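Asks: Below is the file coords-v4.pdb, which contains PDB, C-alpha atoms.
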```
ATOM      1  CA  MET A   1      30.864 -88.869  96.804
ATOM      2  CA  SER A   2      27.362 -90.042  97.648
ATOM      3  CA  SER A   3      26.737 -93.321  99.441
ATOM      4  CA  SER A   4      25.322 -94.970  96.308
ATOM      5  CA  ALA A   5      28.195 -93.689  94.133
ATOM      6  CA  ARG A   6      30.694 -95.031  96.657
ATOM      7  CA  LYS A   7      28.995 -98.472  96.642
ATOM      8  CA  ARG A   8      29.099 -98.556  92.816
ATOM      9  CA  TYR A   9      32.780 -97.539  92.868
ATOM     10  CA  LEU A  10      33.649-100.233  95.415
ATOM     11  CA  SER A  11      31.659-102.857  93.491
ATOM     12  CA  PHE A  12      33.351-101.855  90.215
ATOM     13  CA  ALA A  13      36.775-101.872  91.877
ATOM     14  CA  ALA A  14      36.214-105.319  93.367
ATOM     15  CA  MET A  15      35.225-106.778  89.991
ATOM     16  CA  ASN A  16      38.268-105.287  88.282
ATOM     17  CA  GLY A  17      40.922-106.666  90.633
ATOM     18  CA  ALA A  18      41.247-103.451  92.609
ATOM     19  CA  ARG A  19      44.200-102.858  94.834
ATOM     20  CA  LYS A  20      43.930-103.409  98.574
ATOM     21  CA  ALA A  21      43.854-100.233 100.683
ATOM     22  CA  ARG A  22      46.079-100.392 103.763
ATOM     23  CA  LYS A  23      47.841 -98.067 106.201
ATOM     24  CA  SER A  24      51.151 -99.862 105.823
ATOM     25  CA  VAL A  25      52.790-102.602 103.737
ATOM     26  CA  PRO A  26      56.111-104.443 103.818
ATOM     27  CA  ILE A  27      58.831-102.450 102.074
ATOM     28  CA  SER A  28      59.187-105.274  99.560
ATOM     29  CA  GLU A  29      55.853-104.230  97.976
ATOM     30  CA  ALA A  30      55.279-101.392  95.525
ATOM     31  CA  VAL A  31      52.442 -99.077  96.533
ATOM     32  CA  VAL A  32      50.350 -96.226  95.207
ATOM     33  CA  VAL A  33      49.182 -93.443  97.528
ATOM     34  CA  ASN A  34      45.395 -93.166  97.381
ATOM     35  CA  THR A  35      44.610 -89.434  97.465
ATOM     36  CA  ARG A  36      40.848 -90.007  97.114
ATOM     37  CA  GLU A  37      40.271 -91.577 100.542
ATOM     38  CA  VAL A  38      41.583 -91.250 104.072
ATOM     39  CA  ASN A  39      41.332 -93.449 107.126
ATOM     40  CA  VAL A  40      40.314 -91.432 110.167
ATOM     41  CA  THR A  41      41.055 -93.442 113.308
ATOM     42  CA  VAL A  42      40.115 -93.044 116.946
ATOM     43  CA  GLU A  43      42.638 -95.182 118.844
ATOM     44  CA  GLY A  44      43.264 -96.143 122.452
ATOM     45  CA  LEU A  45      39.776 -95.648 123.882
ATOM     46  CA  ASP A  46      39.096 -97.467 127.178
ATOM     47  CA  PRO A  47      35.577 -98.937 126.884
ATOM     48  CA  GLY A  48      35.608 -99.737 130.625
ATOM     49  CA  ALA A  49      35.007 -96.046 131.290
ATOM     50  CA  ILE A  50      31.558 -96.343 129.722
ATOM     51  CA  ALA A  51      28.757 -98.452 131.188
ATOM     52  CA  GLY A  52      27.176-100.448 128.376
ATOM     53  CA  SER A  53      27.276-100.007 124.628
ATOM     54  CA  PHE A  54      28.112 -96.721 122.966
ATOM     55  CA  ALA A  55      28.536 -94.941 119.641
ATOM     56  CA  VAL A  56      31.613 -93.073 118.460
ATOM     57  CA  HIS A  57      30.727 -90.205 116.144
ATOM     58  CA  LEU A  58      33.158 -88.437 113.832
ATOM     59  CA  VAL A  59      32.137 -84.790 113.572
ATOM     60  CA  LYS A  60      33.210 -82.148 111.057
ATOM     61  CA  ASN A  61      32.347 -78.528 111.809
ATOM     62  CA  ASP A  62      29.731 -79.587 114.409
ATOM     63  CA  ARG A  63      27.997 -82.021 111.976
ATOM     64  CA  ARG A  64      28.194 -85.820 112.330
ATOM     65  CA  ILE A  65      29.746 -87.371 109.240
ATOM     66  CA  ALA A  66      30.276 -90.989 110.361
ATOM     67  CA  SER A  67      29.514 -93.257 113.318
ATOM     68  CA  ARG A  68      30.617 -96.613 114.677
ATOM     69  CA  PHE A  69      28.875 -98.623 117.390
ATOM     70  CA  PHE A  70      30.572-100.651 120.144
ATOM     71  CA  PHE A  71      28.510-103.303 121.925
ATOM     72  CA  GLN A  72      29.355-104.339 125.461
ATOM     73  CA  ALA A  73      27.147-105.911 128.090
ATOM     74  CA  SER A  74      26.218-103.779 131.063
ATOM     75  CA  ASP A  75      25.578-105.231 134.520
ATOM     76  CA  GLY A  76      24.138-102.033 135.930
ATOM     77  CA  ALA A  77      25.494 -98.694 137.047
ATOM     78  CA  ASP A  78      28.850-100.098 138.276
ATOM     79  CA  ALA A  79      29.713-101.858 135.001
ATOM     80  CA  ALA A  80      32.310 -99.237 134.146
ATOM     81  CA  GLN A  81      34.327-100.049 137.302
ATOM     82  CA  SER A  82      33.881-103.836 137.637
ATOM     83  CA  GLY A  83      35.823-106.722 136.129
ATOM     84  CA  PRO A  84      39.324-107.023 134.696
ATOM     85  CA  PRO A  85      40.863-104.066 132.869
ATOM     86  CA  PRO A  86      39.482-103.987 129.316
ATOM     87  CA  GLN A  87      41.481-103.926 126.122
ATOM     88  CA  LEU A  88      41.724-100.521 124.489
ATOM     89  CA  VAL A  89      39.618-100.250 121.325
ATOM     90  CA  HIS A  90      39.934 -98.336 118.078
ATOM     91  CA  PHE A  91      37.509 -97.217 115.396
ATOM     92  CA  ASP A  92      38.307 -96.745 111.699
ATOM     93  CA  PHE A  93      36.375 -94.468 109.363
ATOM     94  CA  LEU A  94      37.392 -94.937 105.693
ATOM     95  CA  LEU A  95      36.032 -91.834 103.976
ATOM     96  CA  PRO A  96      36.418 -89.894 100.736
ATOM     97  CA  ILE A  97      38.968 -87.172 101.375
ATOM     98  CA  GLU A  98      36.550 -84.384 100.424
ATOM     99  CA  VAL A  99      34.298 -85.404 103.347
ATOM    100  CA  VAL A 100      36.996 -84.533 105.903
ATOM    101  CA  ALA A 101      39.000 -81.858 104.045
ATOM    102  CA  ASP A 102      39.041 -78.222 105.129
ATOM    103  CA  GLY A 103      37.096 -78.641 108.336
ATOM    104  CA  LYS A 104      37.497 -79.046 112.071
ATOM    105  CA  LEU A 105      37.266 -82.726 113.068
ATOM    106  CA  THR A 106      36.117 -83.744 116.535
ATOM    107  CA  VAL A 107      34.851 -86.927 118.181
ATOM    108  CA  GLU A 108      31.708 -87.480 120.249
ATOM    109  CA  ILE A 109      31.137 -90.516 122.472
ATOM    110  CA  GLU A 110      27.467 -91.305 123.058
ATOM    111  CA  PRO A 111      26.340 -94.067 125.450
ATOM    112  CA  ALA A 112      23.455 -96.134 124.042
ATOM    113  CA  GLY A 113      20.111 -94.843 125.265
ATOM    114  CA  SER A 114      21.626 -91.658 126.752
ATOM    115  CA  PRO A 115      21.760 -88.904 124.114
ATOM    116  CA  GLN A 116      21.705 -86.246 126.860
ATOM    117  CA  PRO A 117      24.972 -84.229 126.915
ATOM    118  CA  ALA A 118      25.006 -84.348 130.738
ATOM    119  CA  GLN A 119      25.108 -88.160 130.614
ATOM    120  CA  ARG A 120      28.068 -88.388 128.239
ATOM    121  CA  PRO A 121      31.151 -90.070 129.682
ATOM    122  CA  GLN A 122      33.986 -87.943 130.991
ATOM    123  CA  LEU A 123      36.942 -87.859 128.581
ATOM    124  CA  GLU A 124      39.542 -88.124 131.352
ATOM    125  CA  ARG A 125      38.158 -91.562 132.314
ATOM    126  CA  MET A 126      38.605 -92.988 128.790
ATOM    127  CA  GLY A 127      42.391 -93.215 128.901
ATOM    128  CA  HIS A 128      44.242 -91.163 126.317
ATOM    129  CA  PRO A 129      42.467 -91.801 123.002
ATOM    130  CA  THR A 130      43.876 -90.134 119.912
ATOM    131  CA  LEU A 131      42.482 -89.023 116.574
ATOM    132  CA  SER A 132      44.634 -89.753 113.508
ATOM    133  CA  VAL A 133      44.177 -89.282 109.781
ATOM    134  CA  TYR A 134      46.053 -91.475 107.293
ATOM    135  CA  LEU A 135      46.365 -91.401 103.549
ATOM    136  CA  MET A 136      45.887 -94.971 102.384
ATOM    137  CA  LEU A 137      48.334 -97.064 100.398
ATOM    138  CA  GLU A 138      47.179 -99.394  97.643
ATOM    139  CA  SER A 139      48.958-102.561  96.614
ATOM    140  CA  ASP A 140      48.144-105.472  94.338
TER     141      ASP A 140
END
```
As structure tokens, what does this structure read like?
Replies:
Amino acid sequence: MSSSARKRYLSFAAMNGARKARKSVPISEAVVVNTREVNVTVEGLDPGAIAGSFAVHLVKNDRRIASRFFFQASDGADAAQSGPPPQLVHFDFLLPIEVVADGKLTVEIEPAGSPQPAQRPQLERMGHPTLSVYLMLESD
């Protein structure tokens, strides 16, 4: 689904009392499984391992398909080690299922202003982030 088609779909759905898409609901609610979209999530990333702001890229078969940006102030080269321990962060990518289907998904972390592969943060310093894919539930 193209970006403009997706915007029209979401606009149409909002005007017609569309259901809310969620990962989970109370068991007292009836739900419909949305097989058109998935939520790809990168969870448990320690932003303290990265000095300054950074982008998280979702990659399918070596091609970037979605990105999220995380802003954090940087006080210089030691910003990744200074201060109290940060909260772990997560990134959600709500995408049409055909965008992620039948391909190898990976994640790239890119510090702002440092697109050089040699300057990318070391994965072992970022905690134990995970990649998950969820079918979404829809409820009224």
Asks: Can you measure atom CA of A:Ala21 to atom CA of A:Ser132 for me? One decimal in Å is fine.
Replies: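 About the pair atom CA of A:Ala21 and atom CA of A:Ser132: they are 16.6 Å apart.
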Asks: Using atom CA of A:Leu135 and atom CA of A:Arg36 as the two end points, give the distance in Å to one decimal.
Replies: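 We find that atom CA of A:Leu135 and atom CA of A:Arg36 lie 8.6 Å from each other.
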Asks: Point out the residue among A:Ser139, A:Thr41, A:Thr106, A:Gln87 with the least atom-to-atom distance to A:Arg63, counting all atoms listed in the file.
Replies: A:Thr106
Asks: Apply the PyMOL selection byres ((chain A and resi 61) around 12) to the file shown and report the selected residues as number ranges by chain.
Replies: A: 58-60, 62-65, 99-107
Asks: Which residue, A:Met126, A:Leu131, A:Leu95, A:Leu137, has the smallest gap to A:Asn39 when you use all atoms listed in the file?
Replies: A:Leu95
Asks: In Å, rounded to a single decimal, give me how far atom CA of A:Leu88 is from atom CA of A:Asp46.
Replies: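 Taking atom CA of A:Asp46 and atom CA of A:Leu88, their separation equals 4.8 Å.
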Asks: Select, from A:Gln72, A:Ser53, A:Thr130, A:Ser67, the residue with the minimum atom-to-atom distance to A:Ala112, counting only C-alpha atoms.
Replies: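 Nearest to A:Ala112: A:Ser53.
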Asks: Point out the residue among A:Ser74, A:Ile50, A:Glu29, A:Pro96 with the least atom-to-atom distance to A:Ile109, counting only C-alpha atoms.
Replies: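 Once distances to A:Ile109 are computed over only C-alpha atoms, the minimum belongs to A:Ile50.
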Asks: Using only C-alpha atoms, which of the listed residues (A:His57, A:His128, A:Ala49, A:Lys20) sits closest to A:Val33?
Replies: A:Lys20
Asks: I want to know what sits within 10 Å of A:Glu98, based on only C-alpha atoms, with residues of the same chain fewer than 6 positions away left out; could you give that as a list in words?
Replies: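 Listing them by chain and then by number gives Met1, Thr35, Arg36, Glu37 and Val38 of chain A.
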Asks: Residues proximal to (50.3, -94.6, 97.7) were defined as those with any atom within 7 Å of that point in the file's coordinates, counting all atoms listed in the file. Which are they, as a list in words?
Replies: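 Residues with an atom close enough to that point: Val31, Val32, Val33, Asn34, Met136, Leu137 and Glu138 of chain A.
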Asks: Will you model N, CA, C and O atoms for stretch 51-67 of chain A and pass it back as a PDB file, in the frame of the given file?
Replies:
```
ATOM      1  N   ALA A  51      29.653 -97.357 130.833  1.00  0.00           N
ATOM      2  CA  ALA A  51      28.757 -98.452 131.188  1.00  0.00           C
ATOM      3  C   ALA A  51      27.877 -98.793 129.992  1.00  0.00           C
ATOM      4  O   ALA A  51      27.135 -97.954 129.506  1.00  0.00           O
ATOM      5  N   GLY A  52      28.010 -99.999 129.483  1.00  0.00           N
ATOM      6  CA  GLY A  52      27.176-100.448 128.376  1.00  0.00           C
ATOM      7  C   GLY A  52      27.722-100.058 127.020  1.00  0.00           C
ATOM      8  O   GLY A  52      28.851 -99.584 126.874  1.00  0.00           O
ATOM      9  N   SER A  53      26.907-100.277 126.017  1.00  0.00           N
ATOM     10  CA  SER A  53      27.276-100.007 124.628  1.00  0.00           C
ATOM     11  C   SER A  53      27.301 -98.507 124.358  1.00  0.00           C
ATOM     12  O   SER A  53      26.689 -97.727 125.091  1.00  0.00           O
ATOM     13  N   PHE A  54      27.998 -98.137 123.282  1.00  0.00           N
ATOM     14  CA  PHE A  54      28.112 -96.721 122.966  1.00  0.00           C
ATOM     15  C   PHE A  54      28.424 -96.532 121.487  1.00  0.00           C
ATOM     16  O   PHE A  54      28.857 -97.456 120.806  1.00  0.00           O
ATOM     17  N   ALA A  55      28.213 -95.318 121.015  1.00  0.00           N
ATOM     18  CA  ALA A  55      28.536 -94.941 119.641  1.00  0.00           C
ATOM     19  C   ALA A  55      29.679 -93.936 119.670  1.00  0.00           C
ATOM     20  O   ALA A  55      29.785 -93.118 120.588  1.00  0.00           O
ATOM     21  N   VAL A  56      30.543 -94.036 118.666  1.00  0.00           N
ATOM     22  CA  VAL A  56      31.613 -93.073 118.460  1.00  0.00           C
ATOM     23  C   VAL A  56      31.263 -92.326 117.181  1.00  0.00           C
ATOM     24  O   VAL A  56      31.092 -92.948 116.125  1.00  0.00           O
ATOM     25  N   HIS A  57      31.117 -91.030 117.285  1.00  0.00           N
ATOM     26  CA  HIS A  57      30.727 -90.205 116.144  1.00  0.00           C
ATOM     27  C   HIS A  57      31.901 -89.347 115.703  1.00  0.00           C
ATOM     28  O   HIS A  57      32.530 -88.679 116.533  1.00  0.00           O
ATOM     29  N   LEU A  58      32.178 -89.344 114.414  1.00  0.00           N
ATOM     30  CA  LEU A  58      33.158 -88.437 113.832  1.00  0.00           C
ATOM     31  C   LEU A  58      32.387 -87.212 113.373  1.00  0.00           C
ATOM     32  O   LEU A  58      31.371 -87.322 112.680  1.00  0.00           O
ATOM     33  N   VAL A  59      32.860 -86.043 113.799  1.00  0.00           N
ATOM     34  CA  VAL A  59      32.137 -84.790 113.572  1.00  0.00           C
ATOM     35  C   VAL A  59      33.040 -83.823 112.819  1.00  0.00           C
ATOM     36  O   VAL A  59      34.208 -83.659 113.153  1.00  0.00           O
ATOM     37  N   LYS A  60      32.495 -83.197 111.791  1.00  0.00           N
ATOM     38  CA  LYS A  60      33.210 -82.148 111.057  1.00  0.00           C
ATOM     39  C   LYS A  60      32.387 -80.872 111.146  1.00  0.00           C
ATOM     40  O   LYS A  60      31.214 -80.855 110.750  1.00  0.00           O
ATOM     41  N   ASN A  61      33.018 -79.826 111.673  1.00  0.00           N
ATOM     42  CA  ASN A  61      32.347 -78.528 111.809  1.00  0.00           C
ATOM     43  C   ASN A  61      30.973 -78.666 112.476  1.00  0.00           C
ATOM     44  O   ASN A  61      29.972 -78.162 111.989  1.00  0.00           O
ATOM     45  N   ASP A  62      30.937 -79.399 113.593  1.00  0.00           N
ATOM     46  CA  ASP A  62      29.731 -79.587 114.409  1.00  0.00           C
ATOM     47  C   ASP A  62      28.635 -80.410 113.722  1.00  0.00           C
ATOM     48  O   ASP A  62      27.481 -80.371 114.143  1.00  0.00           O
ATOM     49  N   ARG A  63      28.976 -81.169 112.674  1.00  0.00           N
ATOM     50  CA  ARG A  63      27.997 -82.021 111.976  1.00  0.00           C
ATOM     51  C   ARG A  63      28.540 -83.442 111.912  1.00  0.00           C
ATOM     52  O   ARG A  63      29.667 -83.665 111.459  1.00  0.00           O
ATOM     53  N   ARG A  64      27.762 -84.426 112.362  1.00  0.00           N
ATOM     54  CA  ARG A  64      28.194 -85.820 112.330  1.00  0.00           C
ATOM     55  C   ARG A  64      28.343 -86.288 110.887  1.00  0.00           C
ATOM     56  O   ARG A  64      27.435 -86.124 110.073  1.00  0.00           O
ATOM     57  N   ILE A  65      29.500 -86.886 110.596  1.00  0.00           N
ATOM     58  CA  ILE A  65      29.746 -87.371 109.240  1.00  0.00           C
ATOM     59  C   ILE A  65      29.912 -88.887 109.183  1.00  0.00           C
ATOM     60  O   ILE A  65      29.823 -89.473 108.116  1.00  0.00           O
ATOM     61  N   ALA A  66      30.149 -89.532 110.333  1.00  0.00           N
ATOM     62  CA  ALA A  66      30.276 -90.989 110.361  1.00  0.00           C
ATOM     63  C   ALA A  66      30.138 -91.461 111.803  1.00  0.00           C
ATOM     64  O   ALA A  66      30.449 -90.714 112.738  1.00  0.00           O
ATOM     65  N   SER A  67      29.685 -92.697 111.979  1.00  0.00           N
ATOM     66  CA  SER A  67      29.514 -93.257 113.318  1.00  0.00           C
ATOM     67  C   SER A  67      29.880 -94.732 113.312  1.00  0.00           C
ATOM     68  O   SER A  67      29.733 -95.413 112.299  1.00  0.00           O
TER      69      SER A  67
END
```
